[in-house]
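query-v5.cif follows; it contains mmCIF, C-alpha atoms, pLDDT in the B column; chains and numbers go by the auth columns.
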data_start
#
loop_
_atom_site.group_PDB
_atom_site.id
_atom_site.type_symbol
_atom_site.label_atom_id
_atom_site.label_comp_id
_atom_site.label_asym_id
_atom_site.label_seq_id
_atom_site.Cartn_x
_atom_site.Cartn_y
_atom_site.Cartn_z
_atom_site.B_iso_or_equiv
_atom_site.auth_seq_id
_atom_site.auth_asym_id
ATOM 1 C CA MET A 1 7.091 6.046 -32.622 62.00 84 J
ATOM 2 C CA ASP A 2 6.060 9.652 -32.114 74.00 85 J
ATOM 3 C CA ALA A 3 6.497 11.831 -29.023 75.00 86 J
ATOM 4 C CA ALA A 4 2.989 11.124 -27.699 76.00 87 J
ATOM 5 C CA HIS A 5 3.648 7.378 -27.530 80.00 88 J
ATOM 6 C CA ILE A 6 7.006 7.878 -25.808 79.00 89 J
ATOM 7 C CA ASN A 7 5.456 10.225 -23.227 88.00 90 J
ATOM 8 C CA LEU A 8 2.591 7.795 -22.619 89.00 91 J
ATOM 9 C CA HIS A 9 5.061 4.987 -21.932 89.00 92 J
ATOM 10 C CA LYS A 10 7.004 7.214 -19.532 90.00 93 J
ATOM 11 C CA VAL A 11 3.822 8.122 -17.654 90.00 94 J
ATOM 12 C CA ILE A 12 2.574 4.519 -17.498 92.00 95 J
ATOM 13 C CA GLY A 13 6.009 3.338 -16.357 91.00 96 J
ATOM 14 C CA ALA A 14 6.154 5.989 -13.625 93.00 97 J
ATOM 15 C CA VAL A 15 2.637 5.106 -12.430 93.00 98 J
ATOM 16 C CA ILE A 16 3.438 1.378 -12.297 95.00 99 J
ATOM 17 C CA ILE A 17 6.708 1.978 -10.421 94.00 100 J
ATOM 18 C CA GLY A 18 5.018 4.432 -8.042 93.00 101 J
ATOM 19 C CA THR A 19 2.194 2.003 -7.332 94.00 102 J
ATOM 20 C CA TRP A 20 4.636 -0.855 -6.720 94.00 103 J
ATOM 21 C CA VAL A 21 6.749 1.236 -4.328 93.00 104 J
ATOM 22 C CA ASN A 22 3.645 2.339 -2.406 92.00 105 J
ATOM 23 C CA LEU A 23 2.477 -1.272 -2.163 91.00 106 J
ATOM 24 C CA MET A 24 5.874 -2.421 -0.866 90.00 107 J
ATOM 25 C CA LEU A 25 5.948 0.355 1.747 88.00 108 J
ATOM 26 C CA PHE A 26 2.380 -0.467 2.804 87.00 109 J
ATOM 27 C CA VAL A 27 3.239 -4.174 3.179 84.00 110 J
ATOM 28 C CA LEU A 28 6.356 -3.251 5.165 82.00 111 J
ATOM 29 C CA VAL A 29 4.383 -1.026 7.553 80.00 112 J
ATOM 30 C CA ILE A 30 1.652 -3.651 8.037 75.00 113 J
ATOM 31 C CA ASP A 31 4.279 -6.347 8.634 71.00 114 J
ATOM 32 C CA ARG A 32 6.132 -4.182 11.161 71.00 115 J
ATOM 33 C CA SER A 33 2.955 -3.234 13.039 66.00 116 J
ATOM 34 C CA GLN A 34 1.848 -6.880 13.180 63.00 117 J
ATOM 35 C CA SER A 35 5.198 -7.953 14.607 64.00 118 J
ATOM 36 C CA LEU A 36 4.816 -5.282 17.305 62.00 119 J
ATOM 37 C CA GLY A 37 1.267 -6.442 17.966 59.00 120 J
ATOM 38 C CA LEU A 38 -0.241 -3.015 17.245 57.00 121 J
ATOM 39 C CA LEU A 39 -2.445 -4.130 14.386 56.00 122 J
ATOM 40 C CA SER A 40 -3.810 -7.163 16.219 60.00 123 J
ATOM 41 C CA THR A 41 -4.778 -5.139 19.311 62.00 124 J
ATOM 42 C CA TRP A 42 -6.370 -2.464 17.122 61.00 125 J
ATOM 43 C CA THR A 43 -8.365 -5.161 15.308 63.00 126 J
ATOM 44 C CA LEU A 44 -9.515 -6.648 18.628 64.00 127 J
ATOM 45 C CA GLU A 45 -10.686 -3.230 19.849 69.00 128 J
ATOM 46 C CA ALA A 46 -12.542 -2.629 16.580 65.00 129 J
ATOM 47 C CA ASN A 47 -14.253 -6.028 16.825 67.00 130 J
ATOM 48 C CA ARG A 48 -15.219 -5.354 20.442 69.00 131 J
ATOM 49 C CA SER A 49 -16.812 -2.020 19.583 66.00 132 J
ATOM 50 C CA TYR A 50 -18.802 -3.622 16.742 66.00 133 J
ATOM 51 C CA ALA A 51 -19.984 -6.455 18.987 63.00 134 J
ATOM 52 C CA ALA A 52 -21.189 -4.093 21.750 55.00 135 J
#
Let me see whether you can do it: turn the structure in this file into structure tokens.
Amino acid sequence: MDAAHINLHKVIGAVIIGTWVNLMLFVLVIDRSQSLGLLSTWTLEANRSYAA
């Protein structure tokens, strides 16, 4: 395996790990905001403004 293949695997690995970490953080934030009721009230307000 030459250097280009090794570098490609490193880049792909870093991208996959980075994407996974971002997804986990996003899920955590959404979960936390839902438990506080922030997301649900924001969604209600958004629906109200669309309905008006």
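Taking CA of His92 in chain J as the reference point, CA of Leu108 in chain J is found at 24.1 Å.
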Kindly provide, as AutoDock Vina command-line options, the centre and edge lengths (Å, one decimal) of an axis-aligned box around all atoms of range 91-98 of chain J given in the file, with 3 Å on each side.
--center_x 4.8 --center_y 5.7 --center_z -17.5 --size_x 10.4 --size_y 10.8 --size_z 16.2
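From CA of Ile95 in chain J back to CA of Val112 in chain J, the distance works out to 25.7 Å.
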